[in-house]
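Structure data (PDB, C-alpha atoms and all ligand atoms) from protein_15.pdb:
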MODEL        1
ATOM      1  CA  MET Y 135      92.501  20.184 -45.448  1.00  0.00           C
ATOM      2  CA  TRP Y 136      91.958  16.414 -45.330  1.00  0.00           C
ATOM      3  CA  PRO Y 137      95.322  15.317 -44.072  1.00  0.00           C
ATOM      4  CA  HIS Y 138      94.760  11.564 -43.961  1.00  0.00           C
ATOM      5  CA  VAL Y 139      92.879  10.979 -47.183  1.00  0.00           C
ATOM      6  CA  ASP Y 140      94.195  11.487 -50.695  1.00  0.00           C
ATOM      7  CA  LEU Y 141      92.104  13.644 -52.977  1.00  0.00           C
ATOM      8  CA  ASP Y 142      91.205  11.087 -55.661  1.00  0.00           C
ATOM      9  CA  TYR Y 143      90.179   8.501 -53.142  1.00  0.00           C
ATOM     10  CA  ARG Y 144      88.043  11.100 -51.434  1.00  0.00           C
ATOM     11  CA  ARG Y 145      85.698  11.289 -54.440  1.00  0.00           C
ATOM     12  CA  TYR Y 146      84.665   7.671 -54.003  1.00  0.00           C
ATOM     13  CA  ILE Y 147      84.111   7.440 -50.303  1.00  0.00           C
ATOM     14  CA  ASP Y 148      82.399   9.268 -47.560  1.00  0.00           C
ATOM     15  CA  VAL Y 149      84.987  10.742 -45.313  1.00  0.00           C
ATOM     16  CA  LEU Y 150      84.058  10.603 -41.725  1.00  0.00           C
ATOM     17  CA  CYS Y 151      85.437  12.675 -38.955  1.00  0.00           C
ATOM     18  CA  LEU Y 152      85.948  11.076 -35.598  1.00  0.00           C
ATOM     19  CA  THR Y 153      85.924  13.185 -32.504  1.00  0.00           C
ATOM     20  CA  PHE Y 154      84.832  11.446 -29.378  1.00  0.00           C
ATOM     21  CA  ASP Y 155      83.360   8.919 -31.805  1.00  0.00           C
ATOM     22  CA  CYS Y 156      81.077  11.556 -33.261  1.00  0.00           C
ATOM     23  CA  ALA Y 157      81.781  10.131 -36.723  1.00  0.00           C
ATOM     24  CA  VAL Y 158      80.128  12.967 -38.616  1.00  0.00           C
ATOM     25  CA  ILE Y 159      79.942  12.065 -42.290  1.00  0.00           C
ATOM     26  CA  ASN Y 160      81.650  14.667 -44.453  1.00  0.00           C
ATOM     27  CA  CYS Y 161      82.368  16.733 -41.379  1.00  0.00           C
ATOM     28  CA  ARG Y 162      83.570  20.168 -42.413  1.00  0.00           C
ATOM     29  CA  GLU Y 163      86.042  20.517 -39.600  1.00  0.00           C
ATOM     30  CA  PRO Y 164      88.455  17.609 -39.844  1.00  0.00           C
ATOM     31  CA  GLU Y 165      91.360  19.858 -38.864  1.00  0.00           C
ATOM     32  CA  GLY Y 166      89.557  21.241 -35.875  1.00  0.00           C
ATOM     33  CA  HIS Y 167      88.643  17.728 -34.855  1.00  0.00           C
ATOM     34  CA  GLY Y 168      92.184  16.570 -35.287  1.00  0.00           C
ATOM     35  CA  MET Y 169      91.514  13.657 -37.598  1.00  0.00           C
ATOM     36  CA  ALA Y 170      89.593  12.567 -40.622  1.00  0.00           C
ATOM     37  CA  LYS Y 171      89.071   8.900 -41.164  1.00  0.00           C
ATOM     38  CA  THR Y 172      87.839   6.612 -43.857  1.00  0.00           C
ATOM     39  CA  ARG Y 173      84.792   4.500 -43.197  1.00  0.00           C
ATOM     40  CA  SER Y 174      86.863   1.335 -42.675  1.00  0.00           C
ATOM     41  CA  GLU Y 175      89.082   3.138 -40.177  1.00  0.00           C
ATOM     42  CA  ILE Y 176      85.956   4.309 -38.379  1.00  0.00           C
ATOM     43  CA  MET Y 177      84.517   0.818 -38.295  1.00  0.00           C
ATOM     44  CA  ARG Y 178      87.751  -0.512 -36.843  1.00  0.00           C
ATOM     45  CA  SER Y 179      87.897   2.144 -34.166  1.00  0.00           C
ATOM     46  CA  VAL Y 180      84.223   1.675 -33.295  1.00  0.00           C
ATOM     47  CA  ARG Y 181      84.876  -1.969 -32.499  1.00  0.00           C
ATOM     48  CA  ARG Y 182      87.621  -0.981 -30.077  1.00  0.00           C
ATOM     49  CA  LYS Y 183      86.698  -1.537 -26.454  1.00  0.00           C
ATOM     50  CA  ASP Y 184      88.144   1.506 -24.746  1.00  0.00           C
ATOM     51  CA  THR Y 185      86.849   4.452 -26.693  1.00  0.00           C
ATOM     52  CA  GLY Y 186      87.776   8.020 -25.790  1.00  0.00           C
ATOM     53  CA  PRO Y 187      84.381   8.904 -24.305  1.00  0.00           C
ATOM     54  CA  GLU Y 188      84.326   5.702 -22.295  1.00  0.00           C
ATOM     55  CA  LEU Y 189      87.662   6.519 -20.682  1.00  0.00           C
ATOM     56  CA  VAL Y 190      86.374  10.001 -19.871  1.00  0.00           C
ATOM     57  CA  VAL Y 191      83.304   8.537 -18.173  1.00  0.00           C
ATOM     58  CA  ARG Y 192      85.390   6.061 -16.212  1.00  0.00           C
ATOM     59  CA  ARG Y 193      87.709   8.798 -14.974  1.00  0.00           C
ATOM     60  CA  LEU Y 194      84.714  10.893 -13.993  1.00  0.00           C
ATOM     61  CA  LEU Y 195      83.056   8.040 -12.075  1.00  0.00           C
ATOM     62  CA  HIS Y 196      86.328   7.364 -10.291  1.00  0.00           C
ATOM     63  CA  HIS Y 197      86.629  11.054  -9.427  1.00  0.00           C
ATOM     64  CA  LEU Y 198      83.118  10.902  -7.961  1.00  0.00           C
ATOM     65  CA  GLY Y 199      84.267   8.107  -5.694  1.00  0.00           C
ATOM     66  CA  LEU Y 200      82.226   5.445  -7.489  1.00  0.00           C
ATOM     67  CA  ARG Y 201      83.705   2.005  -7.895  1.00  0.00           C
ATOM     68  CA  PHE Y 202      82.962  -0.092 -10.924  1.00  0.00           C
ATOM     69  CA  ARG Y 203      83.867  -3.047 -13.062  1.00  0.00           C
ATOM     70  CA  LEU Y 204      84.292  -3.141 -16.815  1.00  0.00           C
ATOM     71  CA  HIS Y 205      82.748  -5.123 -19.666  1.00  0.00           C
ATOM     72  CA  ARG Y 206      81.150  -7.903 -17.664  1.00  0.00           C
ATOM     73  CA  LYS Y 207      80.553 -10.478 -20.360  1.00  0.00           C
ATOM     74  CA  ASP Y 208      78.077 -12.408 -18.213  1.00  0.00           C
ATOM     75  CA  LEU Y 209      75.577  -9.527 -18.472  1.00  0.00           C
ATOM     76  CA  PRO Y 210      73.365  -8.881 -21.522  1.00  0.00           C
ATOM     77  CA  GLY Y 211      75.004  -6.468 -23.954  1.00  0.00           C
ATOM     78  CA  THR Y 212      78.345  -6.542 -22.053  1.00  0.00           C
ATOM     79  CA  PRO Y 213      77.813  -3.131 -20.402  1.00  0.00           C
ATOM     80  CA  ASP Y 214      80.792  -0.780 -20.629  1.00  0.00           C
ATOM     81  CA  VAL Y 215      80.715  -0.043 -16.903  1.00  0.00           C
ATOM     82  CA  VAL Y 216      79.087  -2.007 -14.075  1.00  0.00           C
ATOM     83  CA  LEU Y 217      78.504  -0.487 -10.633  1.00  0.00           C
ATOM     84  CA  PRO Y 218      77.513  -3.463  -8.486  1.00  0.00           C
ATOM     85  CA  ARG Y 219      76.879  -1.441  -5.307  1.00  0.00           C
ATOM     86  CA  HIS Y 220      74.326   0.692  -7.120  1.00  0.00           C
ATOM     87  CA  ARG Y 221      72.972  -2.248  -9.105  1.00  0.00           C
ATOM     88  CA  THR Y 222      73.549  -0.046 -12.144  1.00  0.00           C
ATOM     89  CA  VAL Y 223      75.077  -0.647 -15.534  1.00  0.00           C
ATOM     90  CA  LEU Y 224      76.210   2.106 -17.824  1.00  0.00           C
ATOM     91  CA  PHE Y 225      76.628   2.177 -21.589  1.00  0.00           C
ATOM     92  CA  VAL Y 226      78.664   4.853 -23.301  1.00  0.00           C
ATOM     93  CA  HIS Y 227      77.016   5.195 -26.692  1.00  0.00           C
ATOM     94  CA  GLY Y 228      78.432   6.863 -29.791  1.00  0.00           C
ATOM     95  CA  CYS Y 229      75.834   9.407 -30.949  1.00  0.00           C
ATOM     96  CA  TYR Y 230      76.137   8.410 -34.582  1.00  0.00           C
ATOM     97  CA  TRP Y 231      75.916   4.624 -34.311  1.00  0.00           C
ATOM     98  CA  HIS Y 232      73.285   4.564 -31.621  1.00  0.00           C
ATOM     99  CA  ARG Y 233      71.299   7.476 -33.088  1.00  0.00           C
ATOM    100  CA  HIS Y 234      71.218   9.978 -30.236  1.00  0.00           C
ATOM    101  CA  PRO Y 235      67.812  11.681 -30.758  1.00  0.00           C
ATOM    102  CA  GLY Y 236      68.123  15.317 -31.794  1.00  0.00           C
ATOM    103  CA  CYS Y 237      71.910  15.275 -31.514  1.00  0.00           C
ATOM    104  CA  PRO Y 238      73.981  17.229 -34.075  1.00  0.00           C
ATOM    105  CA  PHE Y 239      76.390  14.265 -34.277  1.00  0.00           C
ATOM    106  CA  SER Y 240      73.616  11.901 -35.229  1.00  0.00           C
ATOM    107  CA  THR Y 241      73.716  13.029 -38.855  1.00  0.00           C
ATOM    108  CA  ASP Y 242      72.088  11.224 -41.767  1.00  0.00           C
ATOM    109  CA  PRO Y 243      74.308   9.208 -44.089  1.00  0.00           C
ATOM    110  CA  LYS Y 244      74.724  10.787 -47.518  1.00  0.00           C
ATOM    111  CA  THR Y 245      75.187   7.526 -49.442  1.00  0.00           C
ATOM    112  CA  ASN Y 246      73.871   3.966 -49.111  1.00  0.00           C
ATOM    113  CA  LYS Y 247      71.029   5.402 -47.079  1.00  0.00           C
ATOM    114  CA  ALA Y 248      68.964   2.207 -46.980  1.00  0.00           C
ATOM    115  CA  PHE Y 249      71.933   0.143 -45.839  1.00  0.00           C
ATOM    116  CA  TRP Y 250      72.824   2.488 -43.002  1.00  0.00           C
ATOM    117  CA  GLU Y 251      69.249   2.984 -41.917  1.00  0.00           C
ATOM    118  CA  ALA Y 252      68.813  -0.794 -41.611  1.00  0.00           C
ATOM    119  CA  LYS Y 253      72.016  -0.932 -39.548  1.00  0.00           C
ATOM    120  CA  PHE Y 254      70.861   1.914 -37.298  1.00  0.00           C
ATOM    121  CA  ALA Y 255      67.464   0.257 -36.814  1.00  0.00           C
ATOM    122  CA  ALA Y 256      69.205  -2.990 -35.839  1.00  0.00           C
ATOM    123  CA  ASN Y 257      71.393  -1.088 -33.343  1.00  0.00           C
ATOM    124  CA  ALA Y 258      68.368   0.580 -31.775  1.00  0.00           C
ATOM    125  CA  GLU Y 259      66.453  -2.689 -31.602  1.00  0.00           C
ATOM    126  CA  ARG Y 260      69.405  -4.465 -29.956  1.00  0.00           C
ATOM    127  CA  ASP Y 261      69.922  -1.618 -27.460  1.00  0.00           C
ATOM    128  CA  ALA Y 262      66.253  -1.770 -26.450  1.00  0.00           C
ATOM    129  CA  ARG Y 263      66.325  -5.567 -26.119  1.00  0.00           C
ATOM    130  CA  LYS Y 264      69.489  -5.591 -23.960  1.00  0.00           C
ATOM    131  CA  THR Y 265      68.059  -2.861 -21.756  1.00  0.00           C
ATOM    132  CA  LYS Y 266      64.917  -4.932 -21.167  1.00  0.00           C
ATOM    133  CA  GLU Y 267      66.986  -8.030 -20.351  1.00  0.00           C
ATOM    134  CA  LEU Y 268      69.141  -6.112 -17.881  1.00  0.00           C
ATOM    135  CA  GLU Y 269      66.134  -4.515 -16.214  1.00  0.00           C
ATOM    136  CA  ALA Y 270      64.508  -7.938 -15.911  1.00  0.00           C
ATOM    137  CA  LEU Y 271      67.613  -9.001 -13.968  1.00  0.00           C
ATOM    138  CA  GLY Y 272      67.153  -6.052 -11.622  1.00  0.00           C
ATOM    139  CA  TRP Y 273      69.757  -3.710 -13.084  1.00  0.00           C
ATOM    140  CA  ARG Y 274      69.257   0.002 -13.609  1.00  0.00           C
ATOM    141  CA  VAL Y 275      70.474   0.942 -17.077  1.00  0.00           C
ATOM    142  CA  LEU Y 276      72.065   4.327 -17.746  1.00  0.00           C
ATOM    143  CA  VAL Y 277      73.250   5.631 -21.094  1.00  0.00           C
ATOM    144  CA  VAL Y 278      75.883   8.325 -21.470  1.00  0.00           C
ATOM    145  CA  TRP Y 279      76.026   9.723 -25.004  1.00  0.00           C
ATOM    146  CA  SER Y 280      79.485  10.474 -26.319  1.00  0.00           C
ATOM    147  CA  CYS Y 281      78.559  14.136 -26.937  1.00  0.00           C
ATOM    148  CA  GLU Y 282      77.896  14.478 -23.195  1.00  0.00           C
ATOM    149  CA  THR Y 283      81.584  13.872 -22.500  1.00  0.00           C
ATOM    150  CA  ARG Y 284      82.293  17.262 -24.109  1.00  0.00           C
ATOM    151  CA  ASP Y 285      80.845  19.067 -21.105  1.00  0.00           C
ATOM    152  CA  LEU Y 286      82.308  17.412 -18.058  1.00  0.00           C
ATOM    153  CA  ASP Y 287      80.713  19.682 -15.459  1.00  0.00           C
ATOM    154  CA  ARG Y 288      77.281  18.984 -16.811  1.00  0.00           C
ATOM    155  CA  LEU Y 289      77.943  15.254 -17.097  1.00  0.00           C
ATOM    156  CA  ALA Y 290      79.355  15.152 -13.559  1.00  0.00           C
ATOM    157  CA  ALA Y 291      76.218  16.873 -12.284  1.00  0.00           C
ATOM    158  CA  ARG Y 292      74.026  14.353 -14.078  1.00  0.00           C
ATOM    159  CA  LEU Y 293      75.953  11.373 -12.754  1.00  0.00           C
ATOM    160  CA  GLU Y 294      76.032  12.866  -9.255  1.00  0.00           C
ATOM    161  CA  SER Y 295      72.263  13.109  -9.288  1.00  0.00           C
ATOM    162  CA  LYS Y 296      71.974   9.499 -10.474  1.00  0.00           C
ATOM    163  CA  PHE Y 297      74.196   8.208  -7.677  1.00  0.00           C
ATOM    164  CA  ARG Y 298      73.445  10.895  -5.078  1.00  0.00           C
ATOM    165  CA  VAL Y 299      77.081  11.776  -4.512  1.00  0.00           C
ATOM    166  CA  THR Y 300      78.639  15.203  -4.685  1.00  0.00           C
ATOM    167  CA  ARG Y 301      82.142  16.309  -5.371  1.00  0.00           C
ATOM    168  CA  THR Y 302      82.104  18.033  -1.969  1.00  0.00           C
ATOM    169  CA  ASP Y 303      81.511  14.644  -0.368  1.00  0.00           C
ATOM    170  CA  VAL Y 304      84.382  13.252  -2.381  1.00  0.00           C
ATOM    171  CA  ARG Y 305      86.633  16.086  -1.220  1.00  0.00           C
ATOM    172  CA  ASP Y 306      85.506  15.651   2.420  1.00  0.00           C
ATOM    173  CA  ALA Y 307      86.178  11.945   2.200  1.00  0.00           C
ATOM    174  CA  SER Y 308      89.703  12.498   0.960  1.00  0.00           C
ATOM    175  CA  ASN Y 309      90.310  15.216   3.616  1.00  0.00           C
ATOM    176  CA  SER Y 310      89.165  12.997   6.456  1.00  0.00           C
ATOM    177  CA  ARG Y 311      91.569  10.307   5.339  1.00  0.00           C
ATOM    178  CA  ARG Y 312      94.516  12.628   5.949  1.00  0.00           C
TER     179      ARG Y 312
HETATM  180 ZN    ZN Y 401      74.896  13.164 -28.924  1.00  0.00          ZN
ENDMDL
END
As structure tokens - that is how I would like this structure written.
Ligand SMILES: [Zn+2]
Amino acid sequence: MWPHVDLDYRRYIDVLCLTFDCAVINCREPEGHGMAKTRSEIMRSVRRKDTGPELVVRRLLHHLGLRFRLHRKDLPGTPDVVLPRHRTVLFVHGCYWHRHPGCPFSTDPKTNKAFWEAKFAANAERDARKTKELEALGWRVLVVWSCETRDLDRLAARLESKFRVTRTDVRDASNSRR
């Protein structure tokens, strides 16, 4: 049932499941999600730049005909995606680490509660501070939560409304080029 973690070891650690960075602690569906990971594996993968959900968002933006740049280090918080024409930056946040309010993937840690809560509070504080800094520089700040990348139609509709583009326009644009 827990293909990547041996049974004895399992008693001493929280096993986290990683699907689209959902990182649900003691997730009951590691097989359905395809992988179960130890906390250290999760931490490693969280530090990775190109997470699954981020790639999904980038593909979607591209599909919508929006052009962007990645990880501009000269901007506060190194936004995941920067759309200079729309003066907009976009962060793709993991629901667990950034505490998506009311989200089923934003579960409470079962052990070391105080430690994790301090970490979550620091994340939230940093997110708010970077957002303020970016807005002070005239940038619009959008957040896409990783759970949103599970429903692409809905996410596309949301992004379309933010950038006032439609997929019909995109299709027309590609037709007229022929
Ligand atoms: Zn979420």
For this session: List the residues selected by the PyMOL selection byres (((not hetatm)) within 12 of (chain Y and resi 401)) in the file shown, writing them as a ChimeraX atom specification.
Result: /Y:153-158,187,226-241,277-285
For this session: Evaluate the PyMOL selection byres (((chain Y and resi 207-216) around 7) and not hetatm) here and jot the selected residues down as a list in words.
Result: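 Written out, the selection comes to Phe202, Arg203, Leu204, His205, Arg206, Leu217, Pro218, Thr222, Val223, Leu224, Phe225, Val226, Lys264, Glu267 and Leu268 of chain Y.
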Exercise. With distances taken over all atoms listed in the file, which of Y:Glu259, Y:Arg221, Y:Leu198, Y:Trp273 is nearest to Y:Ser295?
Worked result: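 Closest residue, counting all atoms listed in the file: Y:Leu198.
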Problem set entry | Long-range neighbours of Y:Leu194 as a list in words, 10 Å cut-off, all atoms listed in the file, 2 positions minimum in chain |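 Result of the neighbour search: Glu188, Leu189, Val190, Val191, Arg192, His196, His197, Leu198, Gly199, Leu200, Thr283, Leu286, Asp287, Leu289, Ala290 and Leu293 of chain Y.
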For this session: Quote the spacing between atom CA of Y:Lys244 and atom CA of Y:Ala256 in Å to one decimal place.
Result: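 Separation between atom CA of Y:Lys244 and atom CA of Y:Ala256: 18.9 Å.
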